[in-house]
Amino acid sequence: MKSKPILETRGLGFSYVDGTQALVDVDLSIPAGKKIAFLGPNGAGKTTLFLHFNGLIRPDRGKVYFAGQEVRYDHASLLELRKKVGVVFQDPETQLFSASVRQEISFGPLNLGLPREAVLQRVHKAMQDTGILELQDRPTHFLSYGQKKRVAIADILAMQPEVLICDEPTAWLDVKHAVQIMDLLTEINGEGVTVIISTHDVDLAYSWADYIFIMKSGRVIGEATPECIFYNRRLLEEAELQRPWLLDLYEELQRKGWVSAGLPPKNIRDFLRSIKDKEPA
Amino acid sequence: MLKIDQYAYINRLAHVHPLEKMVLALVTMIICLVFSSPATSLIVILSMAGMVIWLARIPASFFLKLMLAPVAFLLLSVLTVAFVWVKDPAGLLWGFNVGCYTVGVTSRGLITAGALLLKSLGAVACLYFLSLTTPMVDILSVLKALRMPPLFIELMSLVYRFIFVLLDTADKIYTSQASRWGYATLKTSYSSLGQLVSNLFTKASRNYQMLYTTLTSRCYTGELNVLESSHVISRRNILLIILFEAALLLASIHLAGFLTPFAGGAGS
Ligand SMILES: Nc1ncnc2c1ncn2[C@@H]1O[C@H](COP(=O)(O)OP(=O)(O)OP(=O)(O)O)[C@@H](O)[C@H]1O
Ligand SMILES: [Mg+2]
C-alpha cells in the first residue's frame, strides 16, 4: 500500500503462561489513515495482537513499531504509545469501571493531564459522536449491552488517539446500532484516524475495510484489499471464512450478463446501480 | 437493594446537591437519636416519609415495604427490653411464673420498648431517605470533596460497580444451570450452587485482571481520576433545611417529656 505504515510488527511471537501459542511469527504493516479489518476464527489471536499494539503485553519474540519507532517498554514510552493508540475492548463489561457514564469517559482524558475545560469538551464530543448524550446521567449498570459498547467506544474517542482499535465492535449489537457504529468508525477515519477492527463478519469487512488481514492459529495467513482477498478461494477455505454474499451474487449475475462489467460492488447501493436497466435476454 | 439503587437515580430529588441531602439526613438522624423521645421519632419518621413520597415521588407502598423490613428484627430485640424478671408480680400488666420468679411486662417497660422501636425506625427512615434520593456516585463525590482518603473512595466505587457485574454474572450462571435442570432436586441444587459460587470467584478474578488491562490501556497510573459531577448548592434548599431542622429542634424541646416514659405523662 502507498501510505506510510503506522503500526508494524517483525517476527512477533507470544505464548500465554499456560503454553498456548497465541501469535507465531507475525510480520505485518498497517498503513496509516486507512480502515483496517482483521478477520479470523475464534482463537486466531486477534485480541492478543491488539494487546501488543497497545503495549499491554510484551512479545516473547520480535518487535512492534509505531510510526517507524520501535515500541519500548519503559513507563514513559508506554504512556506515550497508549496516548496515540486506543483500544476498545471486546467486552464492555470489563472496561467500564465507573457507575457514572460521564465519569467513565472522563478517565482517559484526565489521565492525559488535560485541563478540566478540555476534558469536559472532549467528553461531551465523545458522547455526542457515539449518540449517548441522553445516557450521561444513567448509571452504567442500567445500560443495555449495546449502550455499554457505545460508552466503551466513547471512552477511547475522548482520548483522541491516532489509531483507534476496536475489538469486535459489532458483536452482540442489533443491526441498527451495528450500522451506526460502523458509520461512526468511518466518520472517525475521515478525520484522519487509522481505524482497526477485528470481526467475524466477512460481509462487514468486505464493504467497510480498505485493507484486510486474515489470521488463523496465531499467524497472518493473508492480506490484501477486500476486492482481491475474497477472490482467493484457497485462502478463504484455509481460514474457514465464507465469501461475502454480495460478491457471490455479483459474480453469478455477471456470468449471466445481468450486471455491467467493472469493479465488483462494495455495498448494496453500488450493486443495485450496477444492475442493468434493460430486461435480461 | 437493586430497586433502591434504581430509585436513587430517577427520583425527583436526584439532581439536588448530594451534600444537602446528606446534611439533612444526618442532622435529622442525630436529633432523633439525641432526643430519643417518641414524639421526635414520630415527627422524624413522618417527615422523612413525606419527603420520600411527596418530594422524591417514590411510591408510598415501596417506602412502606422498606420500613417494614427491619420491623420484625427490631421487634425481637425490643421485646427483650419490654420483659422483666421480678419476684413480686404486683405492678405487672401481664406475666407468667417461672419457678418463684415472674416474667412479665410493666407499663414502663412497654413504653421504653415502644420508644426504642420508634427511635430506631426514625434513624432507619433517615438512612432510607438518603439512599433512595442520592445515587452512590454522588455520595462518593461528596466524600471525595470532604477529603476522605482516595484509596477508600476508589475502593468503594469499584466495589459498587462490581456488585452489579457480579450479580449479573451470578444471574447468568444461575439461569444457565436452571435451564439444564441444575436445581431440579435438592442434591443437584447443592452441587449447582457450589459450582456457581466457585465459578463466580474465577470469573470475578478474571474480570479483575481484564479491568486492570483495560485501565492500563487508558494510561492508568494508580489513581482513578474522574470528573466530579457539578451540582450546585441551592441557597433556597439550604435555607429550607435549616428551617426544617430548627423546627424539628424546637418541637423536640417543646415536646420533650410528652409521651416520654419516665416523665409520667404530658408536660415538661
Ligand atoms: N489469558 C489467556 N490465557 C491463556 N490463553 C489465552 C488467554 N487469552 C487468550 N488465550 C488463547 O490465545 C489464543 C488466541 O486468543 P485471542 O483471544 O487472541 O483470539 P481471538 O482471535 O481474539 O479470538 P475471538 O475471535 O474468539 O475473540 C487462543 O487459543 C486463546 O485460547
Ligand atoms: Mg478476541
# chains A, B, ... in the order shown; residues from 1 in each chain; ligands from 1
$ interface_residues --of "chain B" --to "chain A" --cutoff "9 Å" --atoms "only C-alpha atoms" --output "compact mmCIF listing (two decimals) with all heavy atoms, in the first residue's frame"
# COMPACT_ATOMS: atom_id res chain seq x y z
N GLN B 6 -31.99 1.87 41.89
CA GLN B 6 -32.67 2.38 40.71
C GLN B 6 -33.40 3.70 41.01
O GLN B 6 -33.29 4.65 40.26
CB GLN B 6 -33.69 1.34 40.25
CG GLN B 6 -33.83 1.26 38.78
CD GLN B 6 -34.16 -0.16 38.34
OE1 GLN B 6 -34.28 -1.07 39.17
NE2 GLN B 6 -34.32 -0.35 37.06
N TYR B 9 -31.45 7.02 41.21
CA TYR B 9 -31.10 7.76 40.00
C TYR B 9 -32.28 8.46 39.35
O TYR B 9 -32.10 9.40 38.60
CB TYR B 9 -30.45 6.83 38.98
CG TYR B 9 -29.07 6.39 39.38
CD1 TYR B 9 -28.88 5.23 40.11
CD2 TYR B 9 -27.96 7.14 39.02
CE1 TYR B 9 -27.61 4.83 40.50
CE2 TYR B 9 -26.70 6.76 39.39
CZ TYR B 9 -26.52 5.60 40.13
OH TYR B 9 -25.28 5.22 40.51
N ILE B 10 -33.49 7.97 39.59
CA ILE B 10 -34.61 8.52 38.83
C ILE B 10 -35.56 9.36 39.68
O ILE B 10 -36.50 9.92 39.15
CB ILE B 10 -35.42 7.41 38.13
CG1 ILE B 10 -35.93 6.40 39.15
CG2 ILE B 10 -34.59 6.71 37.06
CD1 ILE B 10 -36.91 5.41 38.57
N PRO B 135 -27.83 9.06 44.45
CA PRO B 135 -27.06 7.99 43.81
C PRO B 135 -25.70 7.83 44.48
O PRO B 135 -25.11 8.81 44.95
CB PRO B 135 -26.87 8.49 42.37
CG PRO B 135 -27.86 9.57 42.18
CD PRO B 135 -28.15 10.15 43.53
N MET B 136 -25.22 6.60 44.51
CA MET B 136 -23.93 6.30 45.13
C MET B 136 -22.82 7.16 44.55
O MET B 136 -21.94 7.63 45.28
CB MET B 136 -23.63 4.82 44.85
CG MET B 136 -22.47 4.28 45.59
SD MET B 136 -22.79 4.33 47.34
CE MET B 136 -21.29 3.58 47.92
N VAL B 137 -22.87 7.37 43.25
CA VAL B 137 -21.85 8.17 42.58
C VAL B 137 -21.74 9.55 43.24
O VAL B 137 -20.65 10.07 43.45
CB VAL B 137 -22.23 8.37 41.10
CG1 VAL B 137 -21.05 8.89 40.33
CG2 VAL B 137 -22.72 7.08 40.50
N SER B 157 -15.99 2.80 45.13
CA SER B 157 -16.63 2.95 43.82
C SER B 157 -16.46 1.68 42.99
O SER B 157 -17.37 1.28 42.27
CB SER B 157 -16.11 4.19 43.11
OG SER B 157 -15.02 3.90 42.30
N LEU B 158 -15.30 1.02 43.11
CA LEU B 158 -15.11 -0.24 42.37
C LEU B 158 -16.02 -1.33 42.92
O LEU B 158 -16.64 -2.08 42.17
CB LEU B 158 -13.65 -0.69 42.44
CG LEU B 158 -12.69 0.10 41.56
CD1 LEU B 158 -11.29 -0.49 41.67
CD2 LEU B 158 -13.14 0.11 40.11
N TYR B 160 -18.82 -0.93 44.41
CA TYR B 160 -20.19 -0.60 44.00
C TYR B 160 -20.44 -1.05 42.56
O TYR B 160 -21.42 -1.70 42.27
CB TYR B 160 -20.41 0.89 44.14
CG TYR B 160 -21.72 1.38 43.58
CD1 TYR B 160 -22.92 0.96 44.14
CD2 TYR B 160 -21.76 2.24 42.50
CE1 TYR B 160 -24.12 1.39 43.63
CE2 TYR B 160 -22.96 2.69 41.99
CZ TYR B 160 -24.13 2.26 42.56
OH TYR B 160 -25.32 2.69 42.05
N ARG B 161 -19.50 -0.71 41.67
CA ARG B 161 -19.68 -1.09 40.26
C ARG B 161 -19.70 -2.60 40.11
O ARG B 161 -20.51 -3.16 39.39
CB ARG B 161 -18.54 -0.47 39.44
CG ARG B 161 -18.34 -1.08 38.07
CD ARG B 161 -19.15 -0.39 36.99
NE ARG B 161 -18.98 -1.03 35.72
CZ ARG B 161 -19.89 -1.79 35.12
NH1 ARG B 161 -21.05 -1.98 35.70
NH2 ARG B 161 -19.66 -2.35 33.98
N PHE B 162 -18.79 -3.29 40.82
CA PHE B 162 -18.65 -4.71 40.56
C PHE B 162 -19.67 -5.57 41.29
O PHE B 162 -19.85 -6.74 40.93
CB PHE B 162 -17.21 -5.16 40.77
CG PHE B 162 -16.42 -4.84 39.55
CD1 PHE B 162 -15.74 -3.64 39.43
CD2 PHE B 162 -16.44 -5.68 38.46
CE1 PHE B 162 -15.09 -3.30 38.26
CE2 PHE B 162 -15.79 -5.36 37.28
CZ PHE B 162 -15.11 -4.16 37.19
N PHE B 164 -22.66 -5.08 40.79
CA PHE B 164 -23.63 -5.29 39.71
C PHE B 164 -23.11 -6.26 38.67
O PHE B 164 -23.85 -7.08 38.16
CB PHE B 164 -24.01 -3.95 39.08
CG PHE B 164 -24.80 -3.10 40.02
CD1 PHE B 164 -24.17 -2.13 40.77
CD2 PHE B 164 -26.15 -3.32 40.19
CE1 PHE B 164 -24.89 -1.36 41.67
CE2 PHE B 164 -26.87 -2.56 41.09
CZ PHE B 164 -26.25 -1.58 41.83
N VAL B 165 -21.80 -6.15 38.36
CA VAL B 165 -21.22 -7.09 37.40
C VAL B 165 -21.34 -8.51 37.95
O VAL B 165 -21.72 -9.45 37.26
CB VAL B 165 -19.75 -6.73 37.12
CG1 VAL B 165 -19.12 -7.77 36.22
CG2 VAL B 165 -19.65 -5.36 36.49
N ASN B 207 -12.27 -11.09 35.58
CA ASN B 207 -12.78 -9.74 35.34
C ASN B 207 -11.84 -8.69 35.86
O ASN B 207 -11.59 -7.68 35.23
CB ASN B 207 -14.12 -9.56 36.07
CG ASN B 207 -15.27 -9.58 35.11
OD1 ASN B 207 -15.07 -9.42 33.91
ND2 ASN B 207 -16.45 -9.77 35.61
N TYR B 208 -11.33 -8.95 37.05
CA TYR B 208 -10.44 -8.00 37.67
C TYR B 208 -9.16 -7.83 36.85
O TYR B 208 -8.70 -6.72 36.62
CB TYR B 208 -10.11 -8.45 39.10
CG TYR B 208 -8.89 -7.76 39.64
CD1 TYR B 208 -8.97 -6.43 40.03
CD2 TYR B 208 -7.67 -8.41 39.68
CE1 TYR B 208 -7.85 -5.77 40.46
CE2 TYR B 208 -6.55 -7.75 40.12
CZ TYR B 208 -6.63 -6.43 40.51
OH TYR B 208 -5.52 -5.77 40.92
N GLN B 209 -8.63 -8.97 36.37
CA GLN B 209 -7.42 -8.89 35.55
C GLN B 209 -7.68 -8.10 34.27
O GLN B 209 -6.88 -7.25 33.87
CB GLN B 209 -6.94 -10.29 35.15
CG GLN B 209 -6.16 -10.98 36.25
CD GLN B 209 -5.91 -12.43 35.92
OE1 GLN B 209 -6.16 -12.87 34.80
NE2 GLN B 209 -5.40 -13.16 36.88
N MET B 210 -8.81 -8.38 33.63
CA MET B 210 -9.15 -7.67 32.40
C MET B 210 -9.34 -6.19 32.69
O MET B 210 -8.91 -5.34 31.92
CB MET B 210 -10.44 -8.24 31.79
CG MET B 210 -10.26 -9.26 30.68
SD MET B 210 -8.94 -8.90 29.54
CE MET B 210 -9.77 -7.80 28.40
N LEU B 211 -9.99 -5.89 33.80
CA LEU B 211 -10.21 -4.49 34.15
C LEU B 211 -8.88 -3.77 34.28
O LEU B 211 -8.70 -2.66 33.79
CB LEU B 211 -10.98 -4.38 35.46
CG LEU B 211 -11.16 -2.93 35.92
CD1 LEU B 211 -12.27 -2.26 35.14
CD2 LEU B 211 -11.44 -2.84 37.40
N TYR B 212 -7.94 -4.44 34.92
CA TYR B 212 -6.63 -3.82 35.10
C TYR B 212 -5.99 -3.55 33.73
O TYR B 212 -5.46 -2.46 33.49
CB TYR B 212 -5.73 -4.73 35.94
CG TYR B 212 -4.40 -4.09 36.21
CD1 TYR B 212 -4.30 -3.04 37.13
CD2 TYR B 212 -3.27 -4.48 35.53
CE1 TYR B 212 -3.10 -2.41 37.35
CE2 TYR B 212 -2.06 -3.86 35.75
CZ TYR B 212 -1.98 -2.83 36.67
OH TYR B 212 -0.79 -2.20 36.88
N THR B 213 -6.11 -4.52 32.82
CA THR B 213 -5.58 -4.34 31.47
C THR B 213 -6.24 -3.15 30.78
O THR B 213 -5.57 -2.30 30.19
CB THR B 213 -5.83 -5.60 30.63
OG1 THR B 213 -5.34 -6.72 31.35
CG2 THR B 213 -5.13 -5.51 29.29
N THR B 214 -7.58 -3.10 30.85
CA THR B 214 -8.27 -2.04 30.12
C THR B 214 -7.97 -0.67 30.73
O THR B 214 -7.85 0.31 30.01
CB THR B 214 -9.80 -2.27 30.11
OG1 THR B 214 -10.27 -2.30 31.45
CG2 THR B 214 -10.16 -3.56 29.43
N LEU B 215 -7.82 -0.62 32.05
CA LEU B 215 -7.47 0.66 32.67
C LEU B 215 -6.07 1.06 32.24
O LEU B 215 -5.81 2.22 31.91
CB LEU B 215 -7.53 0.55 34.20
CG LEU B 215 -8.92 0.48 34.82
CD1 LEU B 215 -8.80 0.37 36.34
CD2 LEU B 215 -9.75 1.68 34.46
N THR B 216 -5.15 0.08 32.24
CA THR B 216 -3.78 0.37 31.84
C THR B 216 -3.74 0.94 30.43
O THR B 216 -2.98 1.85 30.15
CB THR B 216 -2.94 -0.93 31.88
OG1 THR B 216 -3.14 -1.53 33.15
CG2 THR B 216 -1.48 -0.64 31.68
N SER B 217 -4.58 0.39 29.56
CA SER B 217 -4.56 0.87 28.19
C SER B 217 -5.06 2.31 28.10
O SER B 217 -4.87 2.97 27.11
CB SER B 217 -5.37 -0.04 27.29
OG SER B 217 -6.66 0.46 27.11
N ARG B 218 -5.71 2.78 29.15
CA ARG B 218 -6.12 4.18 29.16
C ARG B 218 -5.22 4.99 30.08
O ARG B 218 -5.66 5.94 30.73
CB ARG B 218 -7.58 4.30 29.60
CG ARG B 218 -8.53 3.82 28.51
CD ARG B 218 -9.93 4.28 28.77
NE ARG B 218 -10.65 3.39 29.67
CZ ARG B 218 -11.72 3.75 30.36
NH1 ARG B 218 -12.17 4.97 30.29
NH2 ARG B 218 -12.33 2.88 31.12
N CYS B 219 -3.94 4.59 30.13
CA CYS B 219 -2.93 5.38 30.84
C CYS B 219 -3.17 5.45 32.35
O CYS B 219 -2.87 6.46 32.98
CB CYS B 219 -2.80 6.79 30.29
SG CYS B 219 -2.44 6.85 28.55
N TYR B 220 -3.73 4.39 32.93
CA TYR B 220 -3.92 4.32 34.38
C TYR B 220 -2.56 4.30 35.06
O TYR B 220 -1.69 3.54 34.67
CB TYR B 220 -4.68 3.05 34.69
CG TYR B 220 -4.86 2.71 36.14
CD1 TYR B 220 -5.58 3.54 36.98
CD2 TYR B 220 -4.34 1.53 36.67
CE1 TYR B 220 -5.78 3.20 38.31
CE2 TYR B 220 -4.54 1.18 37.99
CZ TYR B 220 -5.26 2.03 38.81
OH TYR B 220 -5.46 1.68 40.11
N THR B 221 -2.39 5.18 36.05
CA THR B 221 -1.11 5.16 36.75
C THR B 221 -1.32 5.03 38.24
O THR B 221 -0.52 5.48 39.04
CB THR B 221 -0.29 6.43 36.46
OG1 THR B 221 -1.15 7.55 36.66
CG2 THR B 221 0.24 6.43 35.06
N GLU B 223 -4.24 6.00 39.93
CA GLU B 223 -5.30 6.81 40.51
C GLU B 223 -6.47 6.88 39.57
O GLU B 223 -6.30 7.12 38.38
CB GLU B 223 -4.79 8.23 40.76
CG GLU B 223 -4.73 8.61 42.22
CD GLU B 223 -4.19 10.01 42.36
OE1 GLU B 223 -4.98 10.94 42.23
OE2 GLU B 223 -2.98 10.16 42.60
N LEU B 224 -7.65 6.63 40.08
CA LEU B 224 -8.84 6.67 39.24
C LEU B 224 -9.37 8.09 39.17
O LEU B 224 -10.29 8.46 39.88
CB LEU B 224 -9.91 5.73 39.79
CG LEU B 224 -9.61 4.24 39.71
CD1 LEU B 224 -10.68 3.46 40.45
CD2 LEU B 224 -9.53 3.78 38.28
N ASN B 225 -8.73 8.90 38.31
CA ASN B 225 -9.19 10.28 38.18
C ASN B 225 -10.44 10.32 37.34
O ASN B 225 -10.44 9.82 36.23
CB ASN B 225 -8.14 11.13 37.48
CG ASN B 225 -6.78 10.93 38.06
OD1 ASN B 225 -6.60 11.15 39.24
ND2 ASN B 225 -5.84 10.49 37.25
N VAL B 226 -11.48 10.94 37.86
CA VAL B 226 -12.68 11.14 37.04
C VAL B 226 -13.23 12.54 37.31
O VAL B 226 -12.93 13.15 38.33
CB VAL B 226 -13.79 10.11 37.34
CG1 VAL B 226 -13.40 8.74 36.84
CG2 VAL B 226 -14.12 10.07 38.81
N LEU B 227 -14.02 13.02 36.37
CA LEU B 227 -14.66 14.33 36.53
C LEU B 227 -15.69 14.24 37.64
O LEU B 227 -16.46 13.30 37.69
CB LEU B 227 -15.40 14.70 35.25
CG LEU B 227 -14.65 15.41 34.14
CD1 LEU B 227 -15.65 15.75 33.05
CD2 LEU B 227 -13.97 16.65 34.65
N GLU B 228 -15.68 15.23 38.52
CA GLU B 228 -16.71 15.24 39.55
C GLU B 228 -17.98 15.84 38.97
O GLU B 228 -17.93 16.74 38.14
CB GLU B 228 -16.24 16.05 40.75
CG GLU B 228 -15.12 15.38 41.50
CD GLU B 228 -15.33 13.87 41.65
OE1 GLU B 228 -16.47 13.44 41.88
OE2 GLU B 228 -14.34 13.14 41.51
N SER B 229 -19.10 15.31 39.41
CA SER B 229 -20.35 15.88 38.92
C SER B 229 -20.49 17.30 39.46
O SER B 229 -20.09 17.59 40.58
CB SER B 229 -21.52 15.01 39.36
OG SER B 229 -21.26 14.46 40.61
$ residues_around --residues "Met215 (chain A)" --least-positions-apart "3" --cutoff "8 Å" --atoms "only C-alpha atoms" --output "ChimeraX atom specification"
/A:38-41,44-46,218-222,239
$ atom_distance --atom1 "CA of Gly194 (chain B)" --atom2 "CA of Met156 (chain B)"
27.4 Å
$ residues_near_ligand --ligand "ligand 1" --cutoff "8 Å" --atoms "only C-alpha atoms and all ligand atoms" --output "PyMOL selection string"
chain A and resi 15-23+40-49+90+167-168+198-200+215-218
$ write_last_selection --atoms "N, CA and C atoms" --output "compact mmCIF listing (two decimals), in the first residue's frame"
# COMPACT_ATOMS: atom_id res chain seq x y z
N SER A 15 3.42 -16.45 23.63
CA SER A 15 2.68 -17.57 24.23
C SER A 15 2.17 -17.14 25.59
N TYR A 16 0.94 -17.55 25.91
CA TYR A 16 0.41 -17.30 27.25
C TYR A 16 1.08 -18.23 28.25
N VAL A 17 0.94 -17.90 29.53
CA VAL A 17 1.64 -18.69 30.55
C VAL A 17 1.28 -20.17 30.50
N ASP A 18 0.06 -20.48 30.08
CA ASP A 18 -0.33 -21.89 30.04
C ASP A 18 0.23 -22.60 28.81
N GLY A 19 1.04 -21.89 28.01
CA GLY A 19 1.70 -22.53 26.88
C GLY A 19 0.99 -22.35 25.55
N THR A 20 -0.21 -21.74 25.55
CA THR A 20 -0.91 -21.51 24.29
C THR A 20 -0.11 -20.56 23.41
N GLN A 21 0.22 -21.03 22.19
CA GLN A 21 0.92 -20.18 21.24
C GLN A 21 -0.10 -19.26 20.59
N ALA A 22 -0.22 -18.04 21.08
CA ALA A 22 -1.27 -17.16 20.57
C ALA A 22 -0.83 -16.43 19.31
N LEU A 23 0.46 -16.12 19.20
CA LEU A 23 0.98 -15.47 17.99
C LEU A 23 2.25 -16.17 17.56
N GLY A 40 -10.80 -13.59 11.19
CA GLY A 40 -10.22 -14.85 11.62
C GLY A 40 -11.14 -15.56 12.57
N PRO A 41 -11.07 -16.88 12.63
CA PRO A 41 -11.95 -17.63 13.52
C PRO A 41 -11.62 -17.36 14.99
N ASN A 42 -12.45 -17.86 15.88
CA ASN A 42 -12.21 -17.71 17.32
C ASN A 42 -10.85 -18.29 17.67
N GLY A 43 -10.14 -17.57 18.53
CA GLY A 43 -8.85 -18.08 18.96
C GLY A 43 -7.73 -17.88 17.96
N ALA A 44 -7.97 -17.06 16.92
CA ALA A 44 -6.96 -16.85 15.89
C ALA A 44 -5.80 -16.00 16.41
N GLY A 45 -6.07 -15.20 17.43
CA GLY A 45 -5.02 -14.36 18.00
C GLY A 45 -5.22 -12.88 17.76
N LYS A 46 -6.41 -12.51 17.32
CA LYS A 46 -6.67 -11.09 17.01
C LYS A 46 -6.54 -10.21 18.25
N THR A 47 -7.22 -10.63 19.30
CA THR A 47 -7.18 -9.84 20.53
C THR A 47 -5.75 -9.75 21.07
N THR A 48 -5.06 -10.88 21.05
CA THR A 48 -3.68 -10.89 21.53
C THR A 48 -2.82 -9.91 20.74
N LEU A 49 -3.01 -9.87 19.43
CA LEU A 49 -2.26 -8.95 18.59
C LEU A 49 -2.56 -7.50 18.98
N GLN A 90 -13.24 -6.01 23.67
CA GLN A 90 -14.33 -6.85 23.19
C GLN A 90 -15.54 -6.77 24.13
N ASP A 167 -12.02 -4.03 19.10
CA ASP A 167 -12.09 -5.49 19.07
C ASP A 167 -13.56 -5.87 18.95
N GLU A 168 -13.93 -6.38 17.81
CA GLU A 168 -15.31 -6.79 17.54
C GLU A 168 -16.33 -5.71 17.88
N SER A 198 -11.51 -5.89 14.56
CA SER A 198 -11.49 -7.33 14.32
C SER A 198 -12.94 -7.75 14.18
N THR A 199 -13.19 -8.74 13.38
CA THR A 199 -14.57 -9.16 13.19
C THR A 199 -14.63 -10.57 12.64
N HIS A 200 -15.81 -11.19 12.78
CA HIS A 200 -16.04 -12.49 12.16
C HIS A 200 -16.94 -12.31 10.94
N MET A 215 -6.29 -13.86 9.79
CA MET A 215 -5.46 -14.56 10.77
C MET A 215 -6.01 -15.95 11.04
N LYS A 216 -5.10 -16.86 11.34
CA LYS A 216 -5.52 -18.17 11.81
C LYS A 216 -4.41 -18.78 12.65
N SER A 217 -4.78 -19.41 13.74
CA SER A 217 -3.83 -20.06 14.65
C SER A 217 -2.59 -19.22 14.91
N GLY A 218 -2.81 -17.95 15.20
CA GLY A 218 -1.67 -17.12 15.58
C GLY A 218 -0.85 -16.58 14.44
$ atom_distance --atom1 "CA of Leu236 (chain A)" --atom2 "CA of Lys35 (chain A)"
20.4 Å
$ select_by_dssp --residues "region 14-231 of chain A" --states "strand (DSSP E)" --output "number ranges by chain"
A: 14-15, 21-31, 35-39, 61-66, 69-70, 85-88, 163-167, 194-199, 211-216, 219-224
$ closest_residue --among "A:Phe14, A:Tyr231, A:Trp258, A:Phe50" --to "ligand 2" --atoms "only C-alpha atoms and all ligand atoms"
A:Phe50
$ select_by_dssp --residues "region 179-262 of chain A" --states "helix (DSSP H, G or I)" --output "PyMOL selection string"
chain A and resi 179-190+202-208+226-229+233-238+245-255
$ closest_residue --among "A:Pro5, A:Pro115, A:Gly62, A:Pro169" --to "ligand 2" --atoms "only C-alpha atoms and all ligand atoms"
A:Pro169
$ closest_residue --among "A:Leu173, A:Leu235, A:Cys166, A:Val202" --to "ligand 2" --atoms "only C-alpha atoms and all ligand atoms"
A:Cys166
$ atom_distance --atom1 "CA of Arg273 (chain A)" --atom2 "CA of Glu252 (chain A)"
16.1 Å
$ closest_residue --among "B:Ala39, B:Leu186, B:Ile238, B:Ala204" --to "Glu20 (chain B)" --atoms "only C-alpha atoms"
B:Ile238
$ residues_around --residues "region 241-248 of chain B" --least-positions-apart "3" --cutoff "12 Å" --atoms "only C-alpha atoms" --output "MDAnalysis selection string"
chainID B and resid 19:32 35 39:48 51 234:238 251:256
$ closest_residue --among "A:Ala261, A:His124, A:Thr130, A:Ile197" --to "ligand 2" --atoms "only C-alpha atoms and all ligand atoms"
A:Ile197
